>>> print(open('model11.cif').read())   # mmCIF, C-alpha atoms
data_upload
#
loop_
_atom_site.label_atom_id
_atom_site.label_comp_id
_atom_site.auth_asym_id
_atom_site.auth_seq_id
_atom_site.Cartn_x
_atom_site.Cartn_y
_atom_site.Cartn_z
CA MET W 1 90.97 176.93 88.42
CA ASP W 2 89.23 173.93 86.83
CA ILE W 3 88.14 171.72 89.75
CA ASP W 4 88.81 168.50 87.79
CA PHE W 5 92.35 169.65 87.04
CA PHE W 6 92.97 170.77 90.63
CA LEU W 7 91.72 167.52 92.18
CA LEU W 8 93.60 165.36 89.68
CA LEU W 9 96.75 167.40 90.28
CA ILE W 10 96.62 166.61 94.00
CA ALA W 11 95.72 162.97 93.36
CA SER W 12 98.60 162.63 90.90
CA TYR W 13 101.10 163.99 93.42
CA LEU W 14 99.79 161.67 96.14
CA LEU W 15 99.84 158.64 93.84
CA GLY W 16 103.37 159.52 92.80
CA SER W 17 104.29 159.86 96.46
CA VAL W 18 103.43 156.24 97.27
CA PRO W 19 106.94 154.81 97.97
CA ALA W 20 106.49 151.38 96.44
CA ALA W 21 110.16 150.40 96.84
CA TYR W 22 110.18 151.38 100.51
CA LEU W 23 106.92 149.55 101.24
CA ALA W 24 107.91 146.45 99.27
CA ALA W 25 111.28 146.19 101.03
CA ARG W 26 109.58 146.57 104.41
CA TRP W 27 107.00 143.96 103.59
CA ARG W 28 109.17 141.36 101.86
CA ARG W 29 112.54 141.81 103.56
CA GLY W 30 111.75 143.68 106.76
CA ILE W 31 114.32 146.35 105.91
CA ASP W 32 114.45 150.08 105.31
CA ILE W 33 115.62 150.35 101.69
CA ARG W 34 117.18 153.73 102.50
CA ARG W 35 119.76 151.94 104.70
CA HIS W 36 120.87 149.45 102.05
CA GLY W 37 122.76 149.53 98.77
CA SER W 38 122.62 152.93 97.13
CA GLY W 39 120.07 154.18 99.64
CA ASN W 40 117.78 155.12 96.77
CA VAL W 41 114.05 154.48 97.11
CA GLY W 42 113.66 152.75 93.78
CA ALA W 43 113.27 149.42 92.01
CA ALA W 44 116.99 149.07 91.23
CA ASN W 45 117.87 149.21 94.90
CA VAL W 46 115.16 146.68 95.73
CA LEU W 47 116.74 144.38 93.15
CA ALA W 48 120.15 144.97 94.73
CA THR W 49 118.83 143.54 97.99
CA GLY W 50 118.07 140.27 96.18
CA ALA W 51 114.28 140.70 95.92
CA LYS W 52 113.92 140.02 92.20
CA LEU W 53 110.18 139.38 91.98
CA THR W 54 109.47 142.26 94.31
CA SER W 55 111.52 144.59 92.15
CA ILE W 56 109.38 143.65 89.13
CA ALA W 57 106.25 144.64 91.05
CA VAL W 58 107.89 147.94 91.98
CA ILE W 59 108.83 148.59 88.35
CA ILE W 60 105.23 148.04 87.24
CA PHE W 61 103.80 150.23 90.00
CA ASP W 62 106.28 153.09 89.62
CA THR W 63 105.80 153.17 85.86
CA GLY W 64 102.04 152.87 86.16
CA LYS W 65 101.72 155.80 88.54
CA GLY W 66 103.15 157.98 85.79
CA MET W 67 100.76 156.60 83.19
CA LEU W 68 97.45 156.47 85.06
CA PRO W 69 97.03 160.23 85.74
CA ILE W 70 97.61 161.02 82.07
CA TYR W 71 94.83 158.72 80.92
CA ILE W 72 92.47 159.99 83.60
CA ALA W 73 93.20 163.52 82.41
CA LEU W 74 92.44 162.40 78.86
CA LEU W 75 89.13 160.86 79.95
CA LEU W 76 88.24 164.12 81.69
CA GLY W 77 88.95 166.03 78.50
CA LEU W 78 91.76 168.12 79.98
CA PRO W 79 93.98 169.95 77.47
CA LEU W 80 97.55 168.94 76.75
CA TYR W 81 99.22 171.52 78.98
CA GLN W 82 97.18 170.32 81.96
CA GLN W 83 98.04 166.71 81.15
CA VAL W 84 101.71 167.71 81.21
CA VAL W 85 101.42 169.43 84.59
CA ILE W 86 99.55 166.45 86.05
CA GLY W 87 102.25 164.07 84.80
CA LEU W 88 104.98 166.24 86.29
CA ALA W 89 103.12 166.20 89.62
CA ALA W 90 103.40 162.39 89.72
CA ILE W 91 107.16 162.58 89.09
CA ILE W 92 107.62 165.25 91.75
CA GLY W 93 105.58 163.13 94.16
CA HIS W 94 107.92 160.19 93.62
CA ASN W 95 111.06 162.29 94.05
CA TRP W 96 109.83 164.33 97.00
CA THR W 97 107.25 162.09 98.63
CA VAL W 98 105.23 163.51 101.48
CA PHE W 99 105.25 160.05 103.09
CA LEU W 100 109.05 159.95 103.58
CA GLY W 101 109.79 163.48 104.68
CA PHE W 102 109.85 164.82 101.10
CA SER W 103 112.77 162.59 100.10
CA GLY W 104 112.12 159.80 97.62
CA GLY W 105 113.73 158.19 94.62
CA ARG W 106 115.01 159.50 91.29
CA GLY W 107 111.70 159.15 89.48
CA LEU W 108 113.05 157.55 86.30
CA LEU W 109 110.35 154.88 85.96
CA THR W 110 107.59 157.36 86.69
CA THR W 111 109.16 159.74 84.18
CA LEU W 112 109.13 156.99 81.55
CA GLY W 113 105.50 156.26 82.35
CA VAL W 114 104.58 159.88 81.76
CA ALA W 115 106.80 160.17 78.67
CA PHE W 116 105.21 157.07 77.16
CA SER W 117 101.61 158.08 77.88
CA LEU W 118 101.65 161.75 76.88
CA PRO W 119 102.28 161.21 73.17
CA LEU W 120 99.95 158.21 72.95
CA ALA W 121 97.16 160.09 74.73
CA ASN W 122 97.47 162.77 72.06
CA SER W 123 97.65 160.42 69.05
CA LEU W 124 101.42 160.70 68.65
CA VAL W 125 104.10 158.03 68.38
CA PRO W 126 106.24 158.00 71.57
CA TRP W 127 109.53 158.54 69.73
CA GLU W 128 110.98 160.05 72.90
CA ILE W 129 110.79 156.69 74.66
CA ILE W 130 112.34 154.92 71.69
CA GLY W 131 115.19 157.43 71.68
CA PHE W 132 115.63 157.02 75.41
CA PHE W 133 116.08 153.26 75.22
CA ILE W 134 118.45 153.49 72.27
CA LEU W 135 120.73 155.95 74.08
CA ALA W 136 120.49 154.14 77.42
CA GLY W 137 121.24 150.82 75.69
CA ILE W 138 124.28 152.23 73.89
CA SER W 139 125.60 153.60 77.18
CA LEU W 140 125.11 150.28 78.94
CA LEU W 141 126.85 148.29 76.20
CA THR W 142 129.77 150.68 75.73
CA ILE W 143 130.72 152.57 78.88
CA ARG W 144 128.53 150.57 81.29
CA ASN W 145 127.36 153.71 83.03
CA ILE W 146 123.62 153.40 83.62
CA PRO W 147 123.12 156.84 85.29
CA LEU W 148 124.89 158.60 82.41
CA GLY W 149 122.88 156.62 79.87
CA THR W 150 119.55 157.31 81.50
CA GLY W 151 120.42 160.97 82.01
CA THR W 152 121.41 161.30 78.36
CA GLY W 153 118.24 159.53 77.30
CA VAL W 154 116.01 161.87 79.30
CA ALA W 155 118.01 164.89 78.04
CA ALA W 156 117.32 163.77 74.46
CA MET W 157 113.54 163.69 74.96
CA PRO W 158 112.85 167.45 74.59
CA LEU W 159 115.24 167.58 71.62
CA ILE W 160 113.39 164.74 69.91
CA SER W 161 110.04 166.36 70.68
CA TRP W 162 111.26 169.70 69.31
CA GLY W 163 112.76 168.09 66.23
CA LEU W 164 109.45 166.39 65.45
CA GLY W 165 107.60 169.68 65.70
CA GLU W 166 105.39 168.54 68.57
CA PRO W 167 103.26 171.04 70.53
CA LEU W 168 105.15 173.50 72.75
CA ALA W 169 103.49 172.13 75.89
CA MET W 170 104.88 168.69 75.06
CA ILE W 171 108.39 170.02 74.42
CA LEU W 172 108.39 172.01 77.67
CA GLY W 173 107.05 169.00 79.53
CA PHE W 174 109.95 166.82 78.40
CA LEU W 175 112.38 169.62 79.25
CA ALA W 176 110.88 169.82 82.74
CA MET W 177 111.31 166.06 83.18
CA PHE W 178 115.01 166.40 82.43
CA LEU W 179 115.41 169.36 84.81
CA ILE W 180 113.59 167.50 87.59
CA LEU W 181 115.94 164.53 87.16
CA ILE W 182 119.01 166.78 87.36
CA ILE W 183 117.70 168.75 90.34
CA ARG W 184 116.97 165.52 92.21
CA ARG W 185 120.46 164.16 91.56
CA LEU W 186 122.15 167.36 92.67
CA THR W 187 120.11 168.02 95.81
CA VAL W 188 120.29 164.70 97.67
CA PRO W 189 121.93 165.04 101.12
CA LYS W 190 125.70 164.67 101.23
CA THR W 191 127.18 161.47 102.60
CA ALA W 192 130.28 161.08 104.76
CA LEU W 193 132.17 159.92 101.66
CA ALA W 194 131.65 163.34 100.09
CA ALA W 195 133.65 165.14 102.77
CA SER W 196 136.94 164.83 100.87
CA VAL W 197 135.45 165.46 97.41
CA PRO W 198 135.77 169.00 95.97
CA ALA W 199 132.43 170.68 95.29
CA SER W 200 132.94 170.76 91.52
CA GLN W 201 133.86 167.07 91.45
CA LEU W 202 130.90 166.23 93.67
CA LEU W 203 128.49 167.90 91.25
CA LEU W 204 130.11 166.12 88.31
CA ASN W 205 129.94 162.75 90.09
CA ARG W 206 126.26 163.25 90.80
CA LEU W 207 125.50 164.30 87.24
CA LEU W 208 127.42 161.47 85.58
CA PHE W 209 127.25 158.66 88.14
CA ASP W 210 124.34 159.63 90.43
CA ARG W 211 126.55 159.21 93.49
CA ASP W 212 129.01 161.26 95.52
CA ILE W 213 132.12 159.29 94.51
CA ARG W 214 133.20 157.50 91.35
CA ASP W 215 133.94 154.15 93.02
CA ARG W 216 130.65 152.28 92.73
CA LYS W 217 131.69 149.37 94.95
CA ALA W 218 132.76 151.69 97.76
CA TRP W 219 129.50 153.61 97.34
CA LEU W 220 127.38 150.48 97.69
CA ARG W 221 129.41 149.24 100.68
CA ARG W 222 128.88 152.44 102.64
CA GLN W 223 126.24 152.73 105.35
CA PRO W 224 123.68 155.30 104.14
CA PRO W 225 122.90 158.09 106.62
CA LYS W 226 119.96 157.68 108.94
CA ASP W 227 118.40 160.98 107.91
#
>>> encode(input="model11.cif", output="structure tokens")
Amino acid sequence: MDIDFFLLLIASYLLGSVPAAYLAARWRRGIDIRRHGSGNVGAANVLATGAKLTSIAVIIFDTGKGMLPIYIALLLGLPLYQQVVIGLAAIIGHNWTVFLGFSGGRGLLTTLGVAFSLPLANSLVPWEIIGFFILAGISLLTIRNIPLGTGTGVAAMPLISWGLGEPLAMILGFLAMFLILIIRRLTVPKTALAASVPASQLLLNRLLFDRDIRDRKAWLRRQPPKD
């Protein structure tokens, strides 16, 4: 295995694993972000705690840790398929961070960082990102369901890539990003509120709303589990 690729793969996972939202909430608010709001280790939950400026810093960091490994891979002259794998490693690191017992956030910002950088690094227009924001924006303005909008936007990325005739490695990379997002949503630990929810409904709630129940206010009022 190419030593540059192997070392960058590990570095990308470790960079992705840095839980910026968790660290920022600890530093600025003295709280464990996993015990507040949605319980998600991400910028949106930091914002929900009232730390607006801190959430901006988290957005920049989480997006950047998806972009940086791609450009380092480009500088090292690594081929497209290795760039894709390195980008996916950053997303996986965010979602299953070694620093928080392999349980992190949803990885959306890091995914967008990778999805933005991959085409640009290979002299392509990032139409996938444009499509993502169009679909996410339509969802927000119409049905006001951010998880459904973001999920739909990420699902559209491999279709856009395929429709544009982009390289197979790129198409498969975008498909993997979507699958990682879905797997992360479906595999988070159950909460006490899920006890009375049928398994099929639970899966649907997680896919469409990224939570165990449909009632968002009740979801945010709950006390997230300690583990």
>>> atom_distance(input="model11.cif", atom1="CA of Ile130 in chain W", atom2="CA of Leu75 in chain W")
25.3 Å
>>> closest_atom_pairs(input="model11.cif", of="range 32-147 of chain W", to="range 169-174 of chain W", cutoff="8 Å", atoms="all atoms listed in the file", output="CSV")
residue,atom,partner,partner_atom,distance
W:Leu80,CA,W:Ala169,CA,6.8
W:Tyr81,CA,W:Ala169,CA,5.3
W:Val84,CA,W:Gly173,CA,5.7
W:Val85,CA,W:Gly173,CA,7.6
W:Leu88,CA,W:Gly173,CA,7.6
W:Ala115,CA,W:Phe174,CA,7.4
W:Leu118,CA,W:Met170,CA,7.9
>>> atom_distance(input="model11.cif", atom1="CA of Asp4 in chain W", atom2="CA of Leu120 in chain W")
21.2 Å
>>> resolve_selection(input="model11.cif", expression="the PyMOL selection byres ((chain W and resi 41-49) around 8)", output="VMD selection string")
chain W and resid 19 to 22 25 33 to 34 36 to 40 50 to 52 54 to 56 58 to 59 104 to 107
>>> atom_distance(input="model11.cif", atom1="CA of Ile138 in chain W", atom2="CA of Ala176 in chain W")
23.8 Å
>>> closest_residue(input="model11.cif", among="W:Leu175, W:Pro147, W:Ile183, W:Gly113", to="Phe209 in chain W", atoms="only C-alpha atoms")
W:Pro147
>>> residues_around(input="model11.cif", residues="range 160-167 of chain W", least_positions_apart="6", cutoff="8 Å", atoms="all atoms listed in the file", output="ChimeraX atom specification")
/W:127-128,131,174
>>> residues_around(input="model11.cif", residues="Leu186 in chain W", least_positions_apart="3", cutoff="9 Å", atoms="only C-alpha atoms", output="list in words")
Leu181, Ile182, Ile183, Pro189, Leu202, Leu203, Arg206, Leu207 and Asp210 of chain W
>>> resolve_selection(input="model11.cif", expression="the PyMOL selection byres ((chain W and resi 11) around 12)", output="PyMOL selection string")
chain W and resi 4-10+12-18+65-66+68-70+72-73+86-87+89-90+93
>>> closest_residue(input="model11.cif", among="W:Leu140, W:Ile60, W:Leu204, W:Ala218", to="Leu112 in chain W", atoms="all atoms listed in the file")
W:Ile60
>>> closest_residue(input="model11.cif", among="W:Leu159, W:Ala136, W:Ile180, W:Ala192", to="Asn95 in chain W", atoms="all atoms listed in the file")
W:Ile180
>>> closest_residue(input="model11.cif", among="W:Met67, W:Asn145, W:Ser117, W:Leu109", to="Leu208 in chain W", atoms="all atoms listed in the file")
W:Asn145
